[in-house]
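Peer 1: See data-v3.pdb below, with PDB, C-alpha atoms.
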```pdb
ATOM      1  CA  MET A   1      -6.694  25.843   8.668
ATOM      2  CA  VAL A   2      -5.633  28.663  10.900
ATOM      3  CA  GLY A   3      -2.524  30.613   9.918
ATOM      4  CA  ARG A   4      -1.506  28.558   6.898
ATOM      5  CA  LYS A   5      -2.512  28.305   3.284
ATOM      6  CA  VAL A   6      -2.840  24.541   3.593
ATOM      7  CA  GLN A   7      -5.802  22.947   1.922
ATOM      8  CA  ARG A   8      -7.067  19.431   2.173
ATOM      9  CA  ARG A   9      -9.404  17.808  -0.281
ATOM     10  CA  GLU A  10     -10.402  14.353  -1.297
ATOM     11  CA  LEU A  11      -8.627  12.685  -4.178
ATOM     12  CA  PRO A  12     -10.517  12.819  -7.461
ATOM     13  CA  GLU A  13     -12.883  10.033  -8.414
ATOM     14  CA  VAL A  14     -10.298   7.953 -10.265
ATOM     15  CA  PRO A  15     -11.306   5.163 -10.539
ATOM     16  CA  GLU A  16     -13.743   5.585  -7.654
ATOM     17  CA  ARG A  17     -14.317   7.907  -4.719
ATOM     18  CA  TRP A  18     -11.971   7.264  -1.795
ATOM     19  CA  PRO A  19     -13.469   8.718   1.390
ATOM     20  CA  GLY A  20     -10.785   9.255   4.010
ATOM     21  CA  SER A  21      -8.052  10.049   1.488
ATOM     22  CA  PHE A  22      -6.848  13.642   1.550
ATOM     23  CA  VAL A  23      -4.263  15.625  -0.361
ATOM     24  CA  VAL A  24      -2.415  18.279   1.625
ATOM     25  CA  GLU A  25      -1.514  21.357  -0.388
ATOM     26  CA  LEU A  26       0.601  24.393   0.250
ATOM     27  CA  ASP A  27       0.385  27.256  -2.238
ATOM     28  CA  GLU A  28      -1.503  24.976  -4.665
ATOM     29  CA  ALA A  29       1.216  22.290  -4.647
ATOM     30  CA  MET A  30       0.820  18.847  -3.096
ATOM     31  CA  ILE A  31       3.099  18.408  -0.084
ATOM     32  CA  GLY A  32       1.533  15.316   1.476
ATOM     33  CA  GLN A  33      -1.287  12.847   1.776
ATOM     34  CA  ILE A  34      -3.428  11.603   4.673
ATOM     35  CA  LEU A  35      -5.258   8.277   4.560
ATOM     36  CA  LEU A  36      -7.860   6.959   7.002
ATOM     37  CA  ARG A  37      -8.997   3.418   6.208
ATOM     38  CA  ARG A  38     -10.107   0.178   7.840
ATOM     39  CA  ALA A  39      -7.185  -2.003   8.883
ATOM     40  CA  ALA A  40      -8.782  -5.258   7.731
ATOM     41  CA  GLY A  41      -5.494  -7.070   7.123
ATOM     42  CA  HIS A  42      -3.346  -5.528   9.855
ATOM     43  CA  ARG A  43      -0.493  -7.629  11.272
ATOM     44  CA  ARG A  44      -1.616  -7.033  14.869
ATOM     45  CA  PRO A  45      -4.918  -8.362  16.256
ATOM     46  CA  ALA A  46      -5.473  -5.167  18.299
ATOM     47  CA  ALA A  47      -5.758  -3.161  15.065
ATOM     48  CA  VAL A  48      -7.852  -5.476  12.884
ATOM     49  CA  GLY A  49     -11.103  -3.852  11.803
ATOM     50  CA  LYS A  50     -10.264  -0.479  13.329
ATOM     51  CA  ALA A  51      -9.589   2.679  11.375
ATOM     52  CA  ASP A  52      -5.920   3.270  10.593
ATOM     53  CA  LEU A  53      -4.285   6.678  10.104
ATOM     54  CA  GLY A  54      -1.460   6.941   7.606
ATOM     55  CA  TYR A  55       0.348   9.981   6.292
ATOM     56  CA  LEU A  56       3.164  10.795   3.930
ATOM     57  CA  PHE A  57       4.805  14.192   3.430
ATOM     58  CA  LEU A  58       7.643  15.398   1.264
ATOM     59  CA  PRO A  59      10.812  15.456   3.414
ATOM     60  CA  LYS A  60      11.409  19.182   2.989
ATOM     61  CA  PHE A  61       8.121  19.778   4.872
ATOM     62  CA  TRP A  62       8.932  17.539   7.852
ATOM     63  CA  GLY A  63       9.153  19.205  11.245
ATOM     64  CA  ARG A  64       7.167  22.298  10.273
ATOM     65  CA  GLY A  65       3.806  21.331  11.773
ATOM     66  CA  TYR A  66       2.059  20.582   8.476
ATOM     67  CA  ALA A  67       1.538  16.892   9.310
ATOM     68  CA  ALA A  68       0.163  17.716  12.757
ATOM     69  CA  GLU A  69      -2.252  20.270  11.355
ATOM     70  CA  ALA A  70      -3.403  18.110   8.456
ATOM     71  CA  CYS A  71      -3.735  14.912  10.533
ATOM     72  CA  ALA A  72      -5.725  16.776  13.193
ATOM     73  CA  ALA A  73      -8.075  18.088  10.488
ATOM     74  CA  ALA A  74      -8.468  14.595   8.986
ATOM     75  CA  LEU A  75      -9.188  13.143  12.442
ATOM     76  CA  ASP A  76     -11.791  15.880  13.028
ATOM     77  CA  TRP A  77     -13.416  14.891   9.727
ATOM     78  CA  PHE A  78     -13.315  11.229  10.766
ATOM     79  CA  ASP A  79     -14.912  11.989  14.148
ATOM     80  CA  GLY A  80     -17.761  13.757  12.369
ATOM     81  CA  VAL A  81     -18.338  10.921   9.907
ATOM     82  CA  LEU A  82     -17.819   7.978  12.284
ATOM     83  CA  PRO A  83     -18.291   9.268  15.832
ATOM     84  CA  GLY A  84     -17.291   6.871  18.584
ATOM     85  CA  GLU A  85     -14.700   5.008  16.474
ATOM     86  CA  PRO A  86     -11.119   4.524  17.694
ATOM     87  CA  VAL A  87      -8.189   5.072  15.321
ATOM     88  CA  MET A  88      -4.900   3.153  15.145
ATOM     89  CA  LEU A  89      -1.499   4.356  13.956
ATOM     90  CA  THR A  90       1.654   2.322  13.288
ATOM     91  CA  THR A  91       5.158   3.727  12.894
ATOM     92  CA  GLN A  92       8.690   2.533  13.433
ATOM     93  CA  SER A  93       9.726   3.173  17.010
ATOM     94  CA  ALA A  94      12.963   4.660  15.639
ATOM     95  CA  ASN A  95      10.938   7.393  13.909
ATOM     96  CA  VAL A  96      11.005   9.886  16.765
ATOM     97  CA  GLY A  97       9.157  12.542  14.767
ATOM     98  CA  SER A  98       6.211  10.238  14.058
ATOM     99  CA  MET A  99       6.147   9.053  17.664
ATOM    100  CA  HIS A 100       5.989  12.690  18.811
ATOM    101  CA  LEU A 101       3.230  13.449  16.284
ATOM    102  CA  ALA A 102       1.232  10.404  17.434
ATOM    103  CA  ALA A 103       1.379  11.608  21.055
ATOM    104  CA  LYS A 104       0.392  15.135  20.000
ATOM    105  CA  LEU A 105      -2.644  13.704  18.165
ATOM    106  CA  GLY A 106      -3.747  11.738  21.243
ATOM    107  CA  PHE A 107      -2.447   8.261  20.406
ATOM    108  CA  ALA A 108      -1.218   6.062  23.258
ATOM    109  CA  GLU A 109       0.987   2.998  22.884
ATOM    110  CA  VAL A 110      -0.789  -0.358  22.658
ATOM    111  CA  GLU A 111       2.223  -2.490  21.814
ATOM    112  CA  ARG A 112       5.549  -2.776  20.040
ATOM    113  CA  PHE A 113       6.310  -5.554  17.589
ATOM    114  CA  GLN A 114       8.857  -6.608  14.994
ATOM    115  CA  ALA A 115       8.015  -6.200  11.304
ATOM    116  CA  TRP A 116       9.856  -5.097   8.167
ATOM    117  CA  ASP A 117      13.190  -5.718   9.948
ATOM    118  CA  ALA A 118      12.513  -3.048  12.589
ATOM    119  CA  GLU A 119      10.623  -2.473  15.805
ATOM    120  CA  GLN A 120       7.158  -1.021  15.152
ATOM    121  CA  TRP A 121       4.999   1.059  17.475
ATOM    122  CA  LEU A 122       1.217   0.610  17.474
ATOM    123  CA  GLY A 123      -0.872   3.371  19.027
ATOM    124  CA  LEU A 124      -4.557   3.869  19.704
ATOM    125  CA  ARG A 125      -6.523   7.105  19.712
ATOM    126  CA  PRO A 126      -9.662   6.492  21.743
ATOM    127  CA  PRO A 127     -13.023   7.498  20.273
ATOM    128  CA  ALA A 128     -13.812  11.195  20.461
ATOM    129  CA  THR A 129     -16.438  12.018  23.046
TER     130      THR A 129
END
```
Turn this file's structure into structure tokens for me.
Peer 2:
Amino acid sequence: MVGRKVQRRELPEVPERWPGSFVVELDEAMIGQILLRRAAGHRRPAAVGKADLGYLFLPKFWGRGYAAEACAAALDWFDGVLPGEPVMLTTQSANVGSMHLAAKLGFAEVERFQAWDAEQWLGLRPPAT
């Protein structure tokens, strides 16, 4: 990735290979994880069966652009493996940082709904052309 020593790689084959699961490293230390998977059991009908993007980063790395860079790289990988597939993303609407990241990655709001005692935001990234 340009300008950073951030590496992404698939998780090891324990107990099986998990395509779409990436570790994000900085200076050989794990700082986050990206997961792209089918949302078979999603709470919202609009997301069922579509790919779902999830990410988790250590708090001290929030707001530095690592999530944006790593998620963009994972989405590029996804577009190469499954061209023409949309991707969904869910976050709490109170999580302004994740909402901003979703917009930066090309996700647009589909709906808001209540779950886990908070308002959730569901976004769609249309298929890459």
Peer 1: Nearest to Gly63 in chain A among A:Gly97, A:Lys104, A:Phe113, A:Gly20, with distances taken over only C-alpha atoms: which residue is it?
Peer 2: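 Selected residue with least distance to Gly63 in chain A: A:Gly97.
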Peer 1: Spell out the residues picked by the PyMOL selection byres ((chain A and resi 67) around 12) here, as a short mmCIF file (atom, residue, chain, number, x, y, z; two decimals) with C-alpha atoms, in the frame of the given file.
Peer 2:
```
data_model
loop_
_atom_site.label_atom_id
_atom_site.label_comp_id
_atom_site.auth_asym_id
_atom_site.auth_seq_id
_atom_site.Cartn_x
_atom_site.Cartn_y
_atom_site.Cartn_z
CA VAL A 6 -2.84 24.54 3.59
CA ARG A 8 -7.07 19.43 2.17
CA PHE A 22 -6.85 13.64 1.55
CA VAL A 23 -4.26 15.62 -0.36
CA VAL A 24 -2.42 18.28 1.62
CA GLU A 25 -1.51 21.36 -0.39
CA LEU A 26 0.60 24.39 0.25
CA ILE A 31 3.10 18.41 -0.08
CA GLY A 32 1.53 15.32 1.48
CA GLN A 33 -1.29 12.85 1.78
CA ILE A 34 -3.43 11.60 4.67
CA LEU A 35 -5.26 8.28 4.56
CA LEU A 53 -4.28 6.68 10.10
CA GLY A 54 -1.46 6.94 7.61
CA TYR A 55 0.35 9.98 6.29
CA LEU A 56 3.16 10.80 3.93
CA PHE A 57 4.80 14.19 3.43
CA LEU A 58 7.64 15.40 1.26
CA PRO A 59 10.81 15.46 3.41
CA LYS A 60 11.41 19.18 2.99
CA PHE A 61 8.12 19.78 4.87
CA TRP A 62 8.93 17.54 7.85
CA GLY A 63 9.15 19.20 11.24
CA ARG A 64 7.17 22.30 10.27
CA GLY A 65 3.81 21.33 11.77
CA TYR A 66 2.06 20.58 8.48
CA ALA A 68 0.16 17.72 12.76
CA GLU A 69 -2.25 20.27 11.36
CA ALA A 70 -3.40 18.11 8.46
CA CYS A 71 -3.74 14.91 10.53
CA ALA A 72 -5.72 16.78 13.19
CA ALA A 73 -8.07 18.09 10.49
CA ALA A 74 -8.47 14.60 8.99
CA LEU A 75 -9.19 13.14 12.44
CA GLY A 97 9.16 12.54 14.77
CA SER A 98 6.21 10.24 14.06
CA HIS A 100 5.99 12.69 18.81
CA LEU A 101 3.23 13.45 16.28
CA ALA A 102 1.23 10.40 17.43
CA LYS A 104 0.39 15.14 20.00
CA LEU A 105 -2.64 13.70 18.16
#
```
Peer 1: Run the PyMOL selection byres ((chain A and resi 88) around 10) on the file and write out the hits as a PDB file with C-alpha atoms, in the coordinates of the input.
Peer 2:
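Produced file part22.pdb, reproduced below:
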```
ATOM      1  CA  LEU A  36      -7.860   6.959   7.002  1.00  0.00           C
ATOM      2  CA  ARG A  37      -8.997   3.418   6.208  1.00  0.00           C
ATOM      3  CA  ARG A  38     -10.107   0.178   7.840  1.00  0.00           C
ATOM      4  CA  ALA A  39      -7.185  -2.003   8.883  1.00  0.00           C
ATOM      5  CA  ALA A  46      -5.473  -5.167  18.299  1.00  0.00           C
ATOM      6  CA  ALA A  47      -5.758  -3.161  15.065  1.00  0.00           C
ATOM      7  CA  VAL A  48      -7.852  -5.476  12.884  1.00  0.00           C
ATOM      8  CA  GLY A  49     -11.103  -3.852  11.803  1.00  0.00           C
ATOM      9  CA  LYS A  50     -10.264  -0.479  13.329  1.00  0.00           C
ATOM     10  CA  ALA A  51      -9.589   2.679  11.375  1.00  0.00           C
ATOM     11  CA  ASP A  52      -5.920   3.270  10.593  1.00  0.00           C
ATOM     12  CA  LEU A  53      -4.285   6.678  10.104  1.00  0.00           C
ATOM     13  CA  GLY A  54      -1.460   6.941   7.606  1.00  0.00           C
ATOM     14  CA  PRO A  86     -11.119   4.524  17.694  1.00  0.00           C
ATOM     15  CA  VAL A  87      -8.189   5.072  15.321  1.00  0.00           C
ATOM     16  CA  LEU A  89      -1.499   4.356  13.956  1.00  0.00           C
ATOM     17  CA  THR A  90       1.654   2.322  13.288  1.00  0.00           C
ATOM     18  CA  ALA A 102       1.232  10.404  17.434  1.00  0.00           C
ATOM     19  CA  PHE A 107      -2.447   8.261  20.406  1.00  0.00           C
ATOM     20  CA  ALA A 108      -1.218   6.062  23.258  1.00  0.00           C
ATOM     21  CA  GLU A 109       0.987   2.998  22.884  1.00  0.00           C
ATOM     22  CA  VAL A 110      -0.789  -0.358  22.658  1.00  0.00           C
ATOM     23  CA  LEU A 122       1.217   0.610  17.474  1.00  0.00           C
ATOM     24  CA  GLY A 123      -0.872   3.371  19.027  1.00  0.00           C
ATOM     25  CA  LEU A 124      -4.557   3.869  19.704  1.00  0.00           C
ATOM     26  CA  ARG A 125      -6.523   7.105  19.712  1.00  0.00           C
ATOM     27  CA  PRO A 126      -9.662   6.492  21.743  1.00  0.00           C
TER      28      PRO A 126
END
```
Peer 1: Mind pulling up the distance from CA of Glu111 in chain A to CA of Arg44 in chain A?
Peer 2: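 CA of Arg44 in chain A sits 9.1 Å away from CA of Glu111 in chain A.
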Peer 1: I need the residue nearest Pro83 in chain A from this list: A:Thr129, A:Met30, A:Ser21, A:Trp121. Use all atoms listed in the file for the distance.
Peer 2: A:Thr129
Peer 1: May I ask for the distance between CA of Asp79 in chain A and CA of Ala128 in chain A, given in Å to one decimal place?
Peer 2: 6.5 Å
Peer 1: Could you list, as an MDAnalysis selection string, every residue matched by the PyMOL selection byres ((chain A and resi 115) around 12) in this structure?
Peer 2: chainID A and resid 42:44 90:93 112:114 116:122
Peer 1: Using Å and a single decimal, report how far CA of Asp27 in chain A sits from CA of Ala103 in chain A.
Peer 2: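 Going from CA of Ala103 in chain A over to CA of Asp27 in chain A, I get 28.1 Å.
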Peer 1: How big is the axis-aligned box, and where does its centre sit, when it encloses all atoms of range 95-113 of chain A listed in the file and has 3 Å added on every side, reported in Å to one decimal as JSON?
Peer 2:
```
{"center_x": 3.6, "center_y": 4.8, "center_z": 18.6, "size_x": 20.8, "size_y": 26.7, "size_z": 15.3}
```
